[in-house]
file structure03.txt (compact mmCIF, C-alpha atoms)
# COMPACT_ATOMS: atom_id res chain seq x y z
CA MET L 20 -55.88 -64.53 -31.15
CA LYS L 21 -55.94 -61.45 -33.37
CA THR L 22 -59.03 -59.24 -33.34
CA LEU L 23 -59.85 -56.56 -35.91
CA PHE L 24 -62.12 -53.62 -35.06
CA SER L 25 -63.98 -51.71 -37.75
CA GLY L 26 -65.70 -48.36 -37.33
CA ASP L 27 -68.95 -47.22 -38.94
CA ILE L 28 -69.91 -48.95 -42.20
CA HIS L 29 -72.99 -46.92 -43.25
CA ASN L 30 -73.99 -49.13 -46.20
CA LYS L 31 -70.41 -49.38 -47.54
CA SER L 32 -69.93 -53.11 -46.96
CA ASP L 33 -69.02 -53.64 -50.61
CA ILE L 34 -65.90 -51.51 -50.04
CA ILE L 35 -65.07 -52.27 -46.40
CA THR L 36 -65.56 -56.04 -46.16
CA PRO L 37 -63.00 -56.84 -48.91
CA LEU L 38 -60.45 -54.87 -46.88
CA ILE L 39 -61.31 -56.90 -43.79
CA ASP L 40 -60.97 -60.07 -45.87
CA MET L 41 -57.52 -58.91 -46.94
CA TYR L 42 -56.43 -58.56 -43.31
CA ILE L 43 -58.02 -61.86 -42.34
CA GLN L 44 -55.64 -63.46 -44.85
CA GLN L 45 -52.59 -61.28 -44.29
CA GLU L 46 -52.69 -61.04 -40.50
CA GLY L 47 -54.51 -64.23 -39.56
CA ILE L 48 -57.45 -62.37 -38.03
CA GLN L 49 -59.69 -64.75 -36.07
CA ARG L 50 -62.24 -62.28 -34.71
CA VAL L 51 -63.88 -59.19 -36.22
CA VAL L 52 -65.83 -56.62 -34.20
CA LEU L 53 -68.13 -54.25 -36.12
CA LEU L 54 -68.61 -51.19 -33.93
CA GLY L 55 -72.08 -50.20 -35.12
CA ASP L 56 -73.74 -47.89 -37.65
CA LEU L 57 -74.08 -50.66 -40.19
CA LEU L 58 -76.90 -48.80 -41.90
CA ASN L 59 -78.09 -45.34 -42.82
CA ASP L 60 -76.60 -43.07 -45.44
CA TYR L 61 -78.11 -39.76 -46.45
CA ASN L 62 -77.31 -40.23 -50.13
CA THR L 63 -79.03 -43.52 -50.87
CA SER L 64 -82.43 -45.03 -51.61
CA ALA L 65 -84.36 -47.58 -49.59
CA LYS L 66 -83.66 -50.14 -52.32
CA ALA L 67 -79.92 -49.49 -52.17
CA GLU L 68 -79.97 -49.66 -48.38
CA ILE L 69 -81.69 -53.05 -48.41
CA GLU L 70 -79.16 -54.31 -50.95
CA ALA L 71 -76.21 -52.98 -48.93
CA PHE L 72 -77.45 -54.62 -45.75
CA GLY L 73 -77.97 -57.89 -47.64
CA ASN L 74 -74.34 -57.79 -48.76
CA LEU L 75 -73.15 -57.25 -45.19
CA GLU L 76 -75.47 -59.93 -43.85
CA GLU L 77 -74.19 -62.44 -46.40
CA TRP L 78 -70.58 -61.58 -45.56
CA VAL L 79 -71.12 -62.02 -41.80
CA PHE L 80 -72.73 -65.42 -42.33
CA ALA L 81 -69.93 -66.49 -44.69
CA LYS L 82 -67.17 -65.47 -42.27
CA ARG L 83 -68.83 -67.34 -39.43
CA GLU L 84 -69.09 -70.43 -41.62
CA GLU L 85 -65.34 -70.10 -42.27
CA GLY L 86 -64.66 -70.06 -38.54
CA VAL L 87 -64.09 -66.33 -38.08
CA GLU L 88 -65.89 -64.95 -35.04
CA VAL L 89 -67.85 -61.85 -36.09
CA ILE L 90 -69.39 -59.66 -33.38
CA VAL L 91 -71.94 -57.16 -34.65
CA LEU L 92 -72.79 -54.18 -32.44
CA ALA L 93 -75.56 -51.63 -32.99
CA GLY L 94 -75.02 -47.89 -33.37
CA ASN L 95 -77.38 -44.95 -33.13
CA HIS L 96 -78.13 -45.14 -36.85
CA ASP L 97 -79.13 -48.80 -36.55
CA LEU L 98 -81.64 -48.35 -33.75
CA PRO L 99 -84.50 -47.05 -35.96
CA TYR L 100 -84.20 -50.26 -38.00
CA MET L 101 -84.57 -52.38 -34.89
CA VAL L 102 -87.54 -50.82 -33.12
CA ASP L 103 -91.08 -51.60 -34.26
CA TYR L 104 -93.38 -48.90 -35.65
CA SER L 105 -95.77 -49.63 -32.80
CA ASP L 106 -93.12 -48.90 -30.16
CA LYS L 107 -93.83 -45.59 -28.44
CA ALA L 108 -90.16 -44.68 -28.80
CA TYR L 109 -90.06 -45.14 -32.60
CA ASN L 110 -90.49 -41.49 -33.61
CA TYR L 111 -88.02 -40.33 -30.97
CA VAL L 112 -85.40 -42.86 -32.07
CA ARG L 113 -85.94 -42.10 -35.76
CA ASP L 114 -85.81 -38.35 -35.34
CA SER L 115 -82.72 -38.52 -33.15
CA VAL L 116 -80.64 -39.62 -36.15
CA GLY L 117 -82.47 -37.40 -38.63
CA GLY L 118 -85.78 -38.64 -39.97
CA ASN L 119 -84.79 -38.00 -43.57
CA ALA L 120 -81.81 -40.32 -43.25
CA THR L 121 -83.93 -43.31 -42.21
CA LYS L 122 -85.69 -45.00 -45.12
CA SER L 123 -89.13 -46.04 -43.88
CA SER L 124 -89.67 -48.82 -46.40
CA ALA L 125 -86.22 -50.19 -45.62
CA VAL L 126 -87.05 -50.16 -41.91
CA TYR L 127 -90.14 -52.26 -42.57
CA ARG L 128 -88.26 -54.82 -44.66
CA LEU L 129 -85.09 -54.99 -42.59
CA ARG L 130 -86.31 -54.89 -39.01
CA ASP L 131 -86.29 -58.63 -38.31
CA ARG L 132 -83.04 -59.16 -40.20
CA VAL L 133 -81.18 -56.38 -38.41
CA ASN L 134 -82.38 -57.63 -35.03
CA ALA L 135 -81.22 -61.13 -35.93
CA LEU L 136 -77.77 -60.00 -37.08
CA VAL L 137 -76.93 -57.63 -34.22
CA ASP L 138 -75.34 -59.26 -31.17
CA GLY L 139 -75.81 -56.33 -28.82
CA ILE L 140 -74.96 -52.76 -27.93
CA CYS L 141 -71.63 -53.62 -26.35
CA TRP L 142 -69.07 -56.38 -25.93
CA LYS L 143 -66.08 -56.77 -23.64
CA PHE L 144 -62.85 -58.70 -23.57
CA THR L 145 -59.81 -58.90 -21.33
CA GLN L 146 -56.34 -58.19 -22.64
CA SER L 147 -53.62 -60.74 -21.99
CA ASP L 148 -52.26 -58.42 -19.27
CA GLY L 149 -55.62 -58.44 -17.46
CA GLN L 150 -56.83 -55.01 -18.60
CA GLU L 151 -60.58 -55.00 -19.29
CA VAL L 152 -61.82 -53.47 -22.54
CA ALA L 153 -65.35 -52.30 -23.38
CA CYS L 154 -66.36 -52.07 -27.03
CA SER L 155 -69.43 -50.14 -28.16
CA HIS L 156 -70.47 -47.73 -30.86
CA ALA L 157 -69.91 -44.47 -28.98
CA GLY L 158 -68.59 -45.41 -25.54
CA PHE L 159 -69.71 -45.55 -21.91
CA CYS L 160 -69.89 -42.27 -20.00
CA SER L 161 -70.11 -42.26 -16.22
CA SER L 162 -73.22 -40.03 -16.17
CA TRP L 163 -75.14 -42.63 -18.20
CA VAL L 164 -73.91 -45.79 -16.48
CA ARG L 165 -74.33 -44.57 -12.89
CA LYS L 166 -78.12 -44.92 -13.20
CA LEU L 167 -77.73 -48.50 -14.34
CA TRP L 168 -74.61 -49.92 -12.74
CA SER L 169 -72.09 -49.70 -9.93
CA PRO L 170 -68.37 -50.36 -10.54
CA SER L 171 -68.51 -52.91 -7.73
CA GLU L 172 -70.67 -55.10 -9.99
CA GLY L 173 -67.90 -55.50 -12.57
CA LEU L 174 -67.78 -54.78 -16.29
CA ASP L 175 -69.49 -58.04 -17.23
CA LYS L 176 -72.61 -56.89 -15.42
CA LEU L 177 -72.62 -53.52 -17.20
CA VAL L 178 -72.39 -55.28 -20.55
CA GLU L 179 -75.19 -57.65 -19.56
CA LYS L 180 -77.48 -54.88 -18.34
CA THR L 181 -76.85 -52.72 -21.41
CA ASN L 182 -77.42 -55.55 -23.87
CA ASN L 183 -80.61 -56.52 -22.05
CA MET L 184 -82.02 -53.19 -23.22
CA LEU L 185 -81.91 -54.61 -26.73
CA LEU L 186 -84.26 -57.54 -26.46
CA LYS L 187 -85.12 -59.71 -29.45
CA ASP L 188 -88.88 -59.66 -28.90
CA GLY L 189 -89.30 -56.00 -29.80
CA ASN L 190 -89.45 -54.83 -26.19
CA HIS L 191 -86.56 -52.38 -26.48
CA SER L 192 -85.44 -49.69 -24.08
CA MET L 193 -84.74 -47.43 -27.03
CA GLY L 194 -85.31 -44.19 -25.17
CA LYS L 195 -82.41 -44.86 -22.79
CA LEU L 196 -80.15 -46.04 -25.62
CA SER L 197 -80.91 -42.99 -27.76
CA THR L 198 -80.09 -40.19 -25.34
CA ALA L 199 -77.45 -37.73 -26.52
CA GLY L 200 -75.49 -35.16 -24.58
CA ARG L 201 -74.85 -31.56 -25.60
CA GLU L 202 -71.89 -32.44 -27.82
CA ARG L 203 -74.24 -34.34 -30.11
CA GLY L 204 -77.13 -31.89 -29.88
CA GLY L 205 -79.05 -33.47 -27.02
CA PHE L 206 -79.83 -32.61 -23.43
CA GLY L 207 -79.55 -35.98 -21.73
CA CYS L 208 -76.80 -38.28 -20.49
CA PRO L 209 -74.69 -39.48 -23.44
CA SER L 210 -75.54 -43.13 -24.11
CA PRO L 211 -73.17 -45.77 -25.53
CA CYS L 212 -74.85 -45.22 -28.91
CA TRP L 213 -74.51 -41.41 -28.82
CA ALA L 214 -71.61 -40.25 -26.61
CA GLY L 215 -69.42 -37.59 -28.19
CA GLU L 216 -65.65 -37.76 -28.39
CA HIS L 217 -65.06 -35.00 -25.84
CA GLU L 218 -67.77 -36.34 -23.53
CA LEU L 219 -66.07 -39.73 -23.51
CA ARG L 220 -62.70 -38.18 -22.71
CA ALA L 221 -64.26 -36.20 -19.87
CA GLU L 222 -66.26 -39.00 -18.27
CA GLY L 223 -65.16 -42.42 -19.50
CA ILE L 224 -65.41 -45.25 -16.97
CA LYS L 225 -62.46 -45.27 -14.60
CA GLY L 226 -60.14 -48.24 -15.05
CA ILE L 227 -61.65 -49.41 -18.36
CA THR L 228 -60.12 -49.20 -21.84
CA GLN L 229 -62.74 -48.44 -24.52
CA ILE L 230 -62.84 -49.05 -28.26
CA VAL L 231 -65.47 -47.11 -30.22
CA GLY L 232 -66.58 -45.80 -33.59
CA HIS L 233 -69.10 -42.94 -34.00
CA SER L 234 -66.74 -39.95 -33.81
CA ALA L 235 -65.18 -39.49 -37.26
CA GLN L 236 -61.36 -39.48 -37.33
CA ASN L 237 -58.68 -38.98 -39.95
CA THR L 238 -57.13 -42.28 -38.83
CA VAL L 239 -57.57 -44.68 -35.91
CA VAL L 240 -56.67 -42.58 -32.86
CA LYS L 241 -55.43 -43.55 -29.41
CA SER L 242 -56.48 -41.07 -26.75
CA LYS L 243 -56.92 -40.89 -22.97
CA THR L 244 -59.68 -39.95 -20.54
CA VAL L 245 -59.13 -37.43 -17.77
CA ASN L 246 -58.45 -40.47 -15.55
CA ASN L 247 -55.73 -41.62 -17.98
CA ASP L 248 -57.73 -44.59 -19.30
CA VAL L 249 -57.12 -45.54 -22.92
CA LEU L 250 -59.64 -44.74 -25.66
CA TRP L 251 -59.43 -45.96 -29.25
CA PHE L 252 -61.50 -44.10 -31.87
CA CYS L 253 -62.05 -46.17 -35.03
CA ASP L 254 -64.56 -44.31 -37.24
CA THR L 255 -62.29 -43.82 -40.25
CA HIS L 256 -64.52 -44.61 -43.23
CA SER L 257 -66.22 -41.22 -43.59
CA TRP L 258 -64.08 -40.35 -46.61
CA LEU L 259 -66.13 -42.83 -48.60
CA THR L 260 -69.21 -40.59 -48.32
CA ASN L 261 -68.23 -37.35 -50.05
CA THR L 262 -65.94 -36.08 -47.31
CA THR L 263 -62.18 -35.99 -47.07
CA ARG L 264 -62.00 -37.27 -43.51
CA GLY L 265 -60.80 -40.78 -42.72
CA ASP L 266 -58.14 -43.05 -44.20
CA GLY L 267 -60.14 -46.29 -43.96
CA SER L 268 -57.86 -47.71 -41.25
CA PHE L 269 -58.71 -50.49 -38.78
CA LEU L 270 -57.51 -51.39 -35.30
CA MET L 271 -56.03 -54.82 -34.57
CA TYR L 272 -55.30 -56.36 -31.17
CA ASP L 273 -53.00 -59.39 -30.80
CA ASP L 274 -53.39 -61.12 -27.46
CA ASN L 275 -50.17 -63.07 -27.98
CA THR L 276 -48.12 -59.87 -27.89
CA ASN L 277 -50.67 -57.70 -26.03
CA LYS L 278 -50.18 -55.03 -28.68
CA TYR L 279 -52.52 -52.88 -30.74
CA THR L 280 -51.71 -52.05 -34.36
CA VAL L 281 -53.36 -49.56 -36.70
CA LEU L 282 -53.83 -51.17 -40.12
CA LYS L 283 -53.92 -48.73 -43.04
CA PRO L 284 -55.06 -50.25 -46.34
CA TYR L 285 -54.41 -47.07 -48.35
CA LYS L 286 -50.87 -46.20 -47.31
call {"tool": "encode", "arguments": {"input": "structure03.txt", "output": "structure tokens"}}
result
Amino acid sequence: MKTLFSGDIHNKSDIITPLIDMYIQQEGIQRVVLLGDLLNDYNTSAKAEIEAFGNLEEWVFAKREEGVEVIVLAGNHDLPYMVDYSDKAYNYVRDSVGGNATKSSAVYRLRDRVNALVDGICWKFTQSDGQEVACSHAGFCSSWVRKLWSPSEGLDKLVEKTNNMLLKDGNHSMGKLSTAGRERGGFGCPSPCWAGEHELRAEGIKGITQIVGHSAQNTVVKSKTVNNDVLWFCDTHSWLTNTTRGDGSFLMYDDNTNKYTVLKPYK
């Protein structure tokens, strides 16, 4: 099976999903993992945000109907659209990503739809050589997971416990999911929605490969933690929002060959 990983979309589904479709055809992609930050762009209106999410939602449903497995993860910029106004953590979650970036009327209209589309905070798979891989928006740091999980429990349990923080009945643990470390302007333990690039290199989980978005890159980058565990950084679409950073590349994993390939649509 071939799996394609896409970094942050930020309302640009009309540009990014046709590129994914191209690789589904060219490479025979059977699974797509969206690594969070589906929503939220500073230079858009609530109306445009609702329309952009509708386009993404329609695309996800269509791919699933075609037999492509699509896994949708939440990022820090998606969390305000998933928590209810009545939740005591709402203001904290909203302000953590910049209150002006979150469109209140879009939150009201999209909340149920975003919750329905998102599969979780994280997802894991095992490479054909047995190496375990954790996928999330920003990555798991040891300082955050140690309060929740012990390595003796196994990665499946960490994924289960983390995703259980994102319940479908509105009873979220948004405070724990929204903590940022100093690299991202916070004072807490960097969560899998907020961990910075250098934080992840310094304290990624020992023995686990991680695939993330969140930290903008010029191209998909392979890096290592201090424990020599592999990190893949896939947030390459920032150039589409008035910056020059990012080449729009994607990461592909082929379990038949056990190889990763960086796919660059704009060579």
call {"tool": "residues_around", "arguments": {"input": "structure03.txt", "residues": "region 21-23 of chain L", "least_positions_apart": "2", "cutoff": "7 Å", "atoms": "all atoms listed in the file", "output": "list in words"}}
result
Ser25, Gly47, Ile48, Gln49, Arg50, Val51, Val52, Phe269, Leu270, Met271, Tyr272, Asp273 and Asp274 of chain L
call {"tool": "residues_around", "arguments": {"input": "structure03.txt", "residues": "region 65-68 of chain L", "least_positions_apart": "5", "cutoff": "8 Å", "atoms": "all atoms listed in the file", "output": "count of residues only"}}
result
8
call {"tool": "closest_residue", "arguments": {"input": "structure03.txt", "among": "L:Ser162, L:Asn183, L:Ser169, L:Asn277", "to": "Glu218 (chain L)", "atoms": "all atoms listed in the file"}}
result
L:Ser162
call {"tool": "residues_around", "arguments": {"input": "structure03.txt", "residues": "Pro209 (chain L)", "least_positions_apart": "2", "cutoff": "12 Å", "atoms": "all atoms listed in the file", "output": "ChimeraX atom specification"}}
result
/L:95,156-165,194-207,211-219,221-223
call {"tool": "residues_around", "arguments": {"input": "structure03.txt", "residues": "Asp266 (chain L)", "least_positions_apart": "5", "cutoff": "12 Å", "atoms": "only C-alpha atoms", "output": "PyMOL selection string"}}
result
chain L and resi 26+35+235-240+253-259+281-286
call {"tool": "decode", "arguments": {"input": "structure03.txt", "residues": "region 216-240 of chain L", "atoms": "N, CA and C atoms", "output": "compact mmCIF listing (two decimals), in the first residue's frame"}}
result
# COMPACT_ATOMS: atom_id res chain seq x y z
N GLU L 216 9.38 22.56 16.23
CA GLU L 216 10.34 21.72 15.52
C GLU L 216 11.55 21.35 16.40
N HIS L 217 12.12 22.33 17.07
CA HIS L 217 13.29 22.08 17.90
C HIS L 217 12.93 21.30 19.16
N GLU L 218 11.73 21.55 19.68
CA GLU L 218 11.26 20.79 20.84
C GLU L 218 11.13 19.32 20.49
N LEU L 219 10.61 19.05 19.31
CA LEU L 219 10.41 17.66 18.89
C LEU L 219 11.76 16.97 18.67
N ARG L 220 12.71 17.68 18.13
CA ARG L 220 14.05 17.09 17.96
C ARG L 220 14.68 16.78 19.32
N ALA L 221 14.43 17.66 20.28
CA ALA L 221 15.06 17.51 21.59
C ALA L 221 14.41 16.44 22.45
N GLU L 222 13.09 16.22 22.27
CA GLU L 222 12.43 15.29 23.18
C GLU L 222 11.34 14.46 22.50
N GLY L 223 11.61 14.02 21.26
CA GLY L 223 10.71 13.07 20.62
C GLY L 223 10.73 11.74 21.36
N ILE L 224 9.71 10.92 21.15
CA ILE L 224 9.61 9.65 21.87
C ILE L 224 10.67 8.66 21.36
N LYS L 225 11.41 8.11 22.28
CA LYS L 225 12.48 7.19 21.92
C LYS L 225 11.94 5.94 21.22
N GLY L 226 12.54 5.62 20.09
CA GLY L 226 12.18 4.40 19.36
C GLY L 226 11.04 4.55 18.38
N ILE L 227 10.47 5.75 18.26
CA ILE L 227 9.30 5.98 17.41
C ILE L 227 9.63 6.98 16.30
N THR L 228 9.35 6.60 15.06
CA THR L 228 9.40 7.55 13.94
C THR L 228 8.15 8.42 14.00
N GLN L 229 8.29 9.71 13.65
CA GLN L 229 7.12 10.60 13.67
C GLN L 229 7.01 11.36 12.35
N ILE L 230 5.77 11.53 11.92
CA ILE L 230 5.46 12.31 10.71
C ILE L 230 4.51 13.43 11.13
N VAL L 231 4.89 14.68 10.84
CA VAL L 231 4.13 15.83 11.34
C VAL L 231 4.01 16.92 10.28
N GLY L 232 3.13 17.87 10.57
CA GLY L 232 3.04 19.12 9.82
C GLY L 232 3.52 20.24 10.72
N HIS L 233 2.72 21.32 10.81
CA HIS L 233 2.86 22.38 11.81
C HIS L 233 4.05 23.32 11.64
N SER L 234 5.25 22.78 11.54
CA SER L 234 6.45 23.59 11.43
C SER L 234 6.80 23.80 9.96
N ALA L 235 6.60 25.02 9.46
CA ALA L 235 6.74 25.31 8.03
C ALA L 235 8.15 24.99 7.53
N GLN L 236 8.20 24.34 6.36
CA GLN L 236 9.46 23.94 5.74
C GLN L 236 9.50 24.38 4.28
N ASN L 237 10.71 24.48 3.75
CA ASN L 237 10.85 24.79 2.33
C ASN L 237 10.45 23.60 1.46
N THR L 238 10.69 22.40 1.97
CA THR L 238 10.30 21.16 1.31
C THR L 238 10.13 20.12 2.40
N VAL L 239 9.55 18.97 2.09
CA VAL L 239 9.46 17.90 3.09
C VAL L 239 10.87 17.56 3.56
N VAL L 240 11.06 17.54 4.88
CA VAL L 240 12.39 17.38 5.47
C VAL L 240 12.43 16.14 6.35
